[in-house]
Amino acid sequence: MAGVAVVTDSCASIPEHLLDYLHIRTVAYYIHRGQEVLRDLVTIQREEFVRWMITARFLPTTASPGPGDYFDAYKQLAIQGAKEILSLQMSSKVSGGFQAATVAQTMMQDEFPDVRIEVLDTEHVALSQGWMVIEAARGALAGLSLDRLLDSVKRMIPISRMIQTADTLKYLYMGGRIGKAQELLGTMLNIKPLIGLEDGVIVPLGKAHSRGQAYQQMADMVAGVVGRGKAKIAYVHVGAQREVEKLRELIEAKVEVVESLVGELSPALAVHSGPGTTGLCYYPVES
């Protein structure tokens with residue numbers, strides 16, 4: 001085990017091979033589908049969930065893990081020998097995971113007073129949050145201190161960005177996660193909305209008349225931010241692998257990408273974004 005154990009939630013949507021390779025511990029979100037209570041990426045997987053959503057007659061609800069879920073994760077790591085834990089949660093403005101993890105941190109002080117736990121609100125979701133977790137886990141395996149890992153993640157927060165598009169915003173709206181993108185709801189049916197995240201909440205970034213136009217706008221946005229610099233990019237989607245490859249081709253024609261990966265959003269995020277969602281999570285890196 002690395003000197004610092006890294007914990008996050010399932011909504012970070014980090015590909016499984018990286019979770020295993022980097023020894024990242026995840027805590028699952030909950031999905032309530034009628035009378036069923038599912039655990040994100042534990043009792044329900046991506047492909048199965050997307051197939052169901054395409055024909056679903058109702059939208060499930062989601063719930064963040066409770067303090068007990070985080071406490072169990074921290075406790076297991078402590079039993080395994082961890083003396084320091086860095087727990088990186090999605091934006092506290094869209095989920096209660098950060099608050100639950102903070103309660104669990106306090107609970108741990110009584111049972112494992114010698115274990116230091118730092119809980120951080122990343123102010124991001126999906127693989128914007130995921131990039132922070134990945135880089136922290138790499139640093140932990142390299143032997144960096146908890147304080148250095150915290151500083152590194154905090155530097156990533158203001159420069160990380162997410163852009164997504166989909167055929168509809170109805171999933172975000174029905175799930176109560178529409179944020180400041182509410183203004184896009186009144187647009188024409190065949191308009192492709194572009195949304196992002198600022199200060200931890202969903203915001204509108206623009207709209208396009210087709211997916212191709214939306215992808216071109218995304219590429220222009222990324223190029224405008226990165227300029228002649230370099231970036232690390234995670235291409236994200238919900239059941240739209242072919243679409244995300246189209247986006248990738250446009251982006252990498254305009255931007256020097258030093259590392260990239262493709263990740264499908266977890267079911268708990270797919271509830272709110274919907275099938276067909278395509279986008280990217282990225283941040284500029286120093287040359």
# chains A, B, ... in the order shown; residues from 1 in each chain; ligands from 1
>>> residues_around(residues="Lys246 (chain A)", least_positions_apart="2", cutoff="10 Å", atoms="only C-alpha atoms", output="PyMOL selection string")
chain A and resi 211-212+215-216+241-244+248-251+278
>>> residues_around(residues="region 105-120 of chain A", least_positions_apart="4", cutoff="6 Å", atoms="only C-alpha atoms", output="short mmCIF file (atom, residue, chain, number, x, y, z; two decimals) with N, CA and C atoms, in the first residue's frame")
data_model
loop_
_atom_site.label_atom_id
_atom_site.label_comp_id
_atom_site.auth_asym_id
_atom_site.auth_seq_id
_atom_site.Cartn_x
_atom_site.Cartn_y
_atom_site.Cartn_z
N LYS A 83 -2.14 4.89 7.41
CA LYS A 83 -2.02 5.89 8.47
C LYS A 83 -2.47 7.27 8.00
N GLU A 84 -2.57 7.42 6.68
CA GLU A 84 -3.04 8.68 6.10
C GLU A 84 -3.97 8.38 4.93
N ILE A 85 -5.07 9.12 4.86
CA ILE A 85 -6.07 8.90 3.82
C ILE A 85 -6.46 10.25 3.22
N LEU A 86 -6.46 10.31 1.90
CA LEU A 86 -6.94 11.50 1.18
C LEU A 86 -8.23 11.11 0.49
N SER A 87 -9.33 11.78 0.84
CA SER A 87 -10.66 11.45 0.32
C SER A 87 -11.15 12.61 -0.54
N LEU A 88 -11.32 12.37 -1.83
CA LEU A 88 -11.66 13.41 -2.79
C LEU A 88 -13.09 13.23 -3.28
#
>>> closest_residue(among="A:Val258, A:Lys232, A:Thr165, A:Gln80", to="Gly276 (chain A)", atoms="only C-alpha atoms")
A:Thr165
>>> atom_distance(atom1="CA of Tyr29 (chain A)", atom2="CA of Ala63 (chain A)")
6.2 Å
>>> residues_around(residues="His124 (chain A)", least_positions_apart="6", cutoff="7 Å", atoms="only C-alpha atoms", output="list in words")
Met90, Ser91 and Gly200 of chain A
>>> write_last_selection(atoms="C-alpha atoms", output="mmCIF file, in the first residue's frame")
data_model
loop_
_atom_site.group_PDB
_atom_site.id
_atom_site.type_symbol
_atom_site.label_atom_id
_atom_site.label_comp_id
_atom_site.auth_asym_id
_atom_site.auth_seq_id
_atom_site.Cartn_x
_atom_site.Cartn_y
_atom_site.Cartn_z
ATOM 1 C CA MET A 90 -17.502 15.483 -6.022
ATOM 2 C CA SER A 91 -18.801 19.049 -5.792
ATOM 3 C CA GLY A 200 -19.318 23.488 -8.567
#
>>> residues_around(residues="region 6-12 of chain A", least_positions_apart="3", cutoff="6 Å", atoms="only C-alpha atoms", output="list of chain:residue names")
A:Ile24, A:Arg25, A:Thr26, A:Val27, A:Ala28, A:Ile85, A:Leu86, A:Ser87, A:Leu88, A:Gln89, A:Ala126, A:Leu127, A:Gln129, A:Gly130, A:Ala137, A:Ser266
>>> write_last_selection(atoms="N, CA and C atoms", output="PDB file, in the first residue's frame")
ATOM      1  N   ILE A  24      -6.863   2.775  -6.058  1.00  0.00           N
ATOM      2  CA  ILE A  24      -7.847   3.780  -5.649  1.00  0.00           C
ATOM      3  C   ILE A  24      -9.066   3.074  -5.061  1.00  0.00           C
ATOM      4  N   ARG A  25      -9.496   3.518  -3.893  1.00  0.00           N
ATOM      5  CA  ARG A  25     -10.673   2.937  -3.249  1.00  0.00           C
ATOM      6  C   ARG A  25     -11.887   3.807  -3.568  1.00  0.00           C
ATOM      7  N   THR A  26     -12.964   3.196  -4.054  1.00  0.00           N
ATOM      8  CA  THR A  26     -14.172   3.962  -4.368  1.00  0.00           C
ATOM      9  C   THR A  26     -15.319   3.585  -3.436  1.00  0.00           C
ATOM     10  N   VAL A  27     -16.170   4.558  -3.188  1.00  0.00           N
ATOM     11  CA  VAL A  27     -17.383   4.362  -2.397  1.00  0.00           C
ATOM     12  C   VAL A  27     -18.565   4.569  -3.344  1.00  0.00           C
ATOM     13  N   ALA A  28     -19.468   3.608  -3.378  1.00  0.00           N
ATOM     14  CA  ALA A  28     -20.532   3.602  -4.387  1.00  0.00           C
ATOM     15  C   ALA A  28     -21.697   4.514  -4.028  1.00  0.00           C
ATOM     16  N   ILE A  85      -5.070   9.122   4.863  1.00  0.00           N
ATOM     17  CA  ILE A  85      -6.070   8.904   3.824  1.00  0.00           C
ATOM     18  C   ILE A  85      -6.461  10.249   3.219  1.00  0.00           C
ATOM     19  N   LEU A  86      -6.461  10.314   1.895  1.00  0.00           N
ATOM     20  CA  LEU A  86      -6.943  11.497   1.182  1.00  0.00           C
ATOM     21  C   LEU A  86      -8.234  11.113   0.488  1.00  0.00           C
ATOM     22  N   SER A  87      -9.331  11.777   0.839  1.00  0.00           N
ATOM     23  CA  SER A  87     -10.657  11.448   0.316  1.00  0.00           C
ATOM     24  C   SER A  87     -11.149  12.608  -0.539  1.00  0.00           C
ATOM     25  N   LEU A  88     -11.323  12.365  -1.828  1.00  0.00           N
ATOM     26  CA  LEU A  88     -11.665  13.414  -2.788  1.00  0.00           C
ATOM     27  C   LEU A  88     -13.089  13.227  -3.280  1.00  0.00           C
ATOM     28  N   GLN A  89     -13.963  14.165  -2.928  1.00  0.00           N
ATOM     29  CA  GLN A  89     -15.389  14.034  -3.242  1.00  0.00           C
ATOM     30  C   GLN A  89     -15.824  14.980  -4.355  1.00  0.00           C
ATOM     31  N   ALA A 126     -17.458  13.834 -12.312  1.00  0.00           N
ATOM     32  CA  ALA A 126     -17.010  12.953 -13.391  1.00  0.00           C
ATOM     33  C   ALA A 126     -15.485  12.908 -13.443  1.00  0.00           C
ATOM     34  N   LEU A 127     -14.928  12.888 -14.643  1.00  0.00           N
ATOM     35  CA  LEU A 127     -13.490  12.714 -14.742  1.00  0.00           C
ATOM     36  C   LEU A 127     -12.685  13.993 -14.566  1.00  0.00           C
ATOM     37  N   GLN A 129     -13.102  15.489 -11.629  1.00  0.00           N
ATOM     38  CA  GLN A 129     -12.800  14.960 -10.297  1.00  0.00           C
ATOM     39  C   GLN A 129     -11.858  13.759 -10.435  1.00  0.00           C
ATOM     40  N   GLY A 130     -12.139  12.917 -11.419  1.00  0.00           N
ATOM     41  CA  GLY A 130     -11.336  11.722 -11.622  1.00  0.00           C
ATOM     42  C   GLY A 130      -9.878  12.007 -11.905  1.00  0.00           C
ATOM     43  N   ALA A 137      -3.335   9.665  -6.676  1.00  0.00           N
ATOM     44  CA  ALA A 137      -2.940   8.265  -6.476  1.00  0.00           C
ATOM     45  C   ALA A 137      -1.543   8.011  -7.043  1.00  0.00           C
ATOM     46  N   SER A 266     -20.446   6.712 -14.932  1.00  0.00           N
ATOM     47  CA  SER A 266     -21.063   5.673 -14.115  1.00  0.00           C
ATOM     48  C   SER A 266     -22.588   5.796 -14.196  1.00  0.00           C
TER      49      SER A 266
END
>>> atom_distance(atom1="CA of Pro267 (chain A)", atom2="CA of Val4 (chain A)")
28.3 Å
>>> residues_around(residues="Val271 (chain A)", least_positions_apart="2", cutoff="10 Å", atoms="only C-alpha atoms", output="PDB file with C-alpha atoms, in the first residue's frame")
ATOM      1  CA  ILE A  31     -29.573   4.409  -7.504  1.00  0.00           C
ATOM      2  CA  PHE A  49     -27.995   0.469 -17.240  1.00  0.00           C
ATOM      3  CA  VAL A  50     -27.770   2.331 -20.557  1.00  0.00           C
ATOM      4  CA  MET A  53     -32.495   3.830 -19.772  1.00  0.00           C
ATOM      5  CA  LEU A  59     -36.257   8.258 -14.237  1.00  0.00           C
ATOM      6  CA  PRO A  60     -34.517   6.681 -11.240  1.00  0.00           C
ATOM      7  CA  THR A  61     -33.264   8.819  -8.379  1.00  0.00           C
ATOM      8  CA  THR A  62     -29.774   8.832  -6.942  1.00  0.00           C
ATOM      9  CA  TYR A 171     -32.425  14.112 -17.588  1.00  0.00           C
ATOM     10  CA  LEU A 172     -30.582  16.930 -15.823  1.00  0.00           C
ATOM     11  CA  MET A 174     -35.802  15.800 -14.044  1.00  0.00           C
ATOM     12  CA  GLY A 175     -32.959  14.875 -11.728  1.00  0.00           C
ATOM     13  CA  VAL A 238     -22.893   7.475 -21.953  1.00  0.00           C
ATOM     14  CA  LEU A 265     -19.888   7.822 -16.998  1.00  0.00           C
ATOM     15  CA  SER A 266     -21.063   5.673 -14.115  1.00  0.00           C
ATOM     16  CA  PRO A 267     -24.791   4.795 -13.951  1.00  0.00           C
ATOM     17  CA  ALA A 268     -25.343   7.285 -11.107  1.00  0.00           C
ATOM     18  CA  LEU A 269     -24.180  10.082 -13.417  1.00  0.00           C
ATOM     19  CA  SER A 273     -26.945  13.183 -18.261  1.00  0.00           C
ATOM     20  CA  GLY A 274     -28.797  10.520 -20.266  1.00  0.00           C
ATOM     21  CA  PRO A 275     -27.855   8.095 -23.070  1.00  0.00           C
TER      22      PRO A 275
END
>>> residues_around(residues="Lys154 (chain A)", least_positions_apart="3", cutoff="12 Å", atoms="only C-alpha atoms", output="PyMOL selection string")
chain A and resi 88+119-124+129+132-133+135-136+147-151+157-160
>>> write_last_selection(atoms="C-alpha atoms", output="mmCIF file, in the first residue's frame")
data_model
loop_
_atom_site.group_PDB
_atom_site.id
_atom_site.type_symbol
_atom_site.label_atom_id
_atom_site.label_comp_id
_atom_site.auth_asym_id
_atom_site.auth_seq_id
_atom_site.Cartn_x
_atom_site.Cartn_y
_atom_site.Cartn_z
ATOM 1 C CA LEU A 88 -11.665 13.414 -2.788
ATOM 2 C CA VAL A 119 -11.542 15.197 3.012
ATOM 3 C CA LEU A 120 -11.564 17.621 0.081
ATOM 4 C CA ASP A 121 -14.413 19.040 -1.984
ATOM 5 C CA THR A 122 -13.011 18.932 -5.532
ATOM 6 C CA GLU A 123 -15.762 21.293 -6.774
ATOM 7 C CA HIS A 124 -15.965 19.043 -9.846
ATOM 8 C CA GLN A 129 -12.800 14.960 -10.297
ATOM 9 C CA MET A 132 -7.521 14.796 -9.487
ATOM 10 C CA VAL A 133 -7.924 11.346 -7.977
ATOM 11 C CA GLU A 135 -2.907 12.308 -10.116
ATOM 12 C CA ALA A 136 -3.171 12.059 -6.324
ATOM 13 C CA ASP A 147 0.297 17.697 2.383
ATOM 14 C CA ARG A 148 1.964 17.735 -1.040
ATOM 15 C CA LEU A 149 -0.885 15.714 -2.519
ATOM 16 C CA LEU A 150 -3.426 18.138 -1.053
ATOM 17 C CA ASP A 151 -1.565 21.111 -2.509
ATOM 18 C CA ILE A 157 -9.354 22.728 -9.009
ATOM 19 C CA PRO A 158 -9.382 26.183 -10.670
ATOM 20 C CA ILE A 159 -7.876 25.005 -13.976
ATOM 21 C CA SER A 160 -9.950 21.862 -14.531
#
>>> closest_residue(among="A:Arg51, A:Lys93, A:Arg161, A:His32", to="Trp131 (chain A)", atoms="only C-alpha atoms")
A:Arg161
>>> atom_distance(atom1="CA of Leu197 (chain A)", atom2="CA of Glu264 (chain A)")
18.0 Å
>>> residues_around(residues="Ala234 (chain A)", least_positions_apart="2", cutoff="9 Å", atoms="only C-alpha atoms", output="VMD selection string")
chain A and resid 127 to 128 130 to 131 232 236 259 to 263 279 to 282
>>> closest_residue(among="A:Ala100, A:Val285, A:Val153, A:Val37", to="Gly229 (chain A)", atoms="only C-alpha atoms")
A:Val285
>>> select_by_dssp(residues="region 39-245 of chain A", states="helix (DSSP H, G or I)", output="PyMOL selection string")
chain A and resi 46-55+67-79+97-111+126-141+146-159+170-174+179-186+211-226+241-245
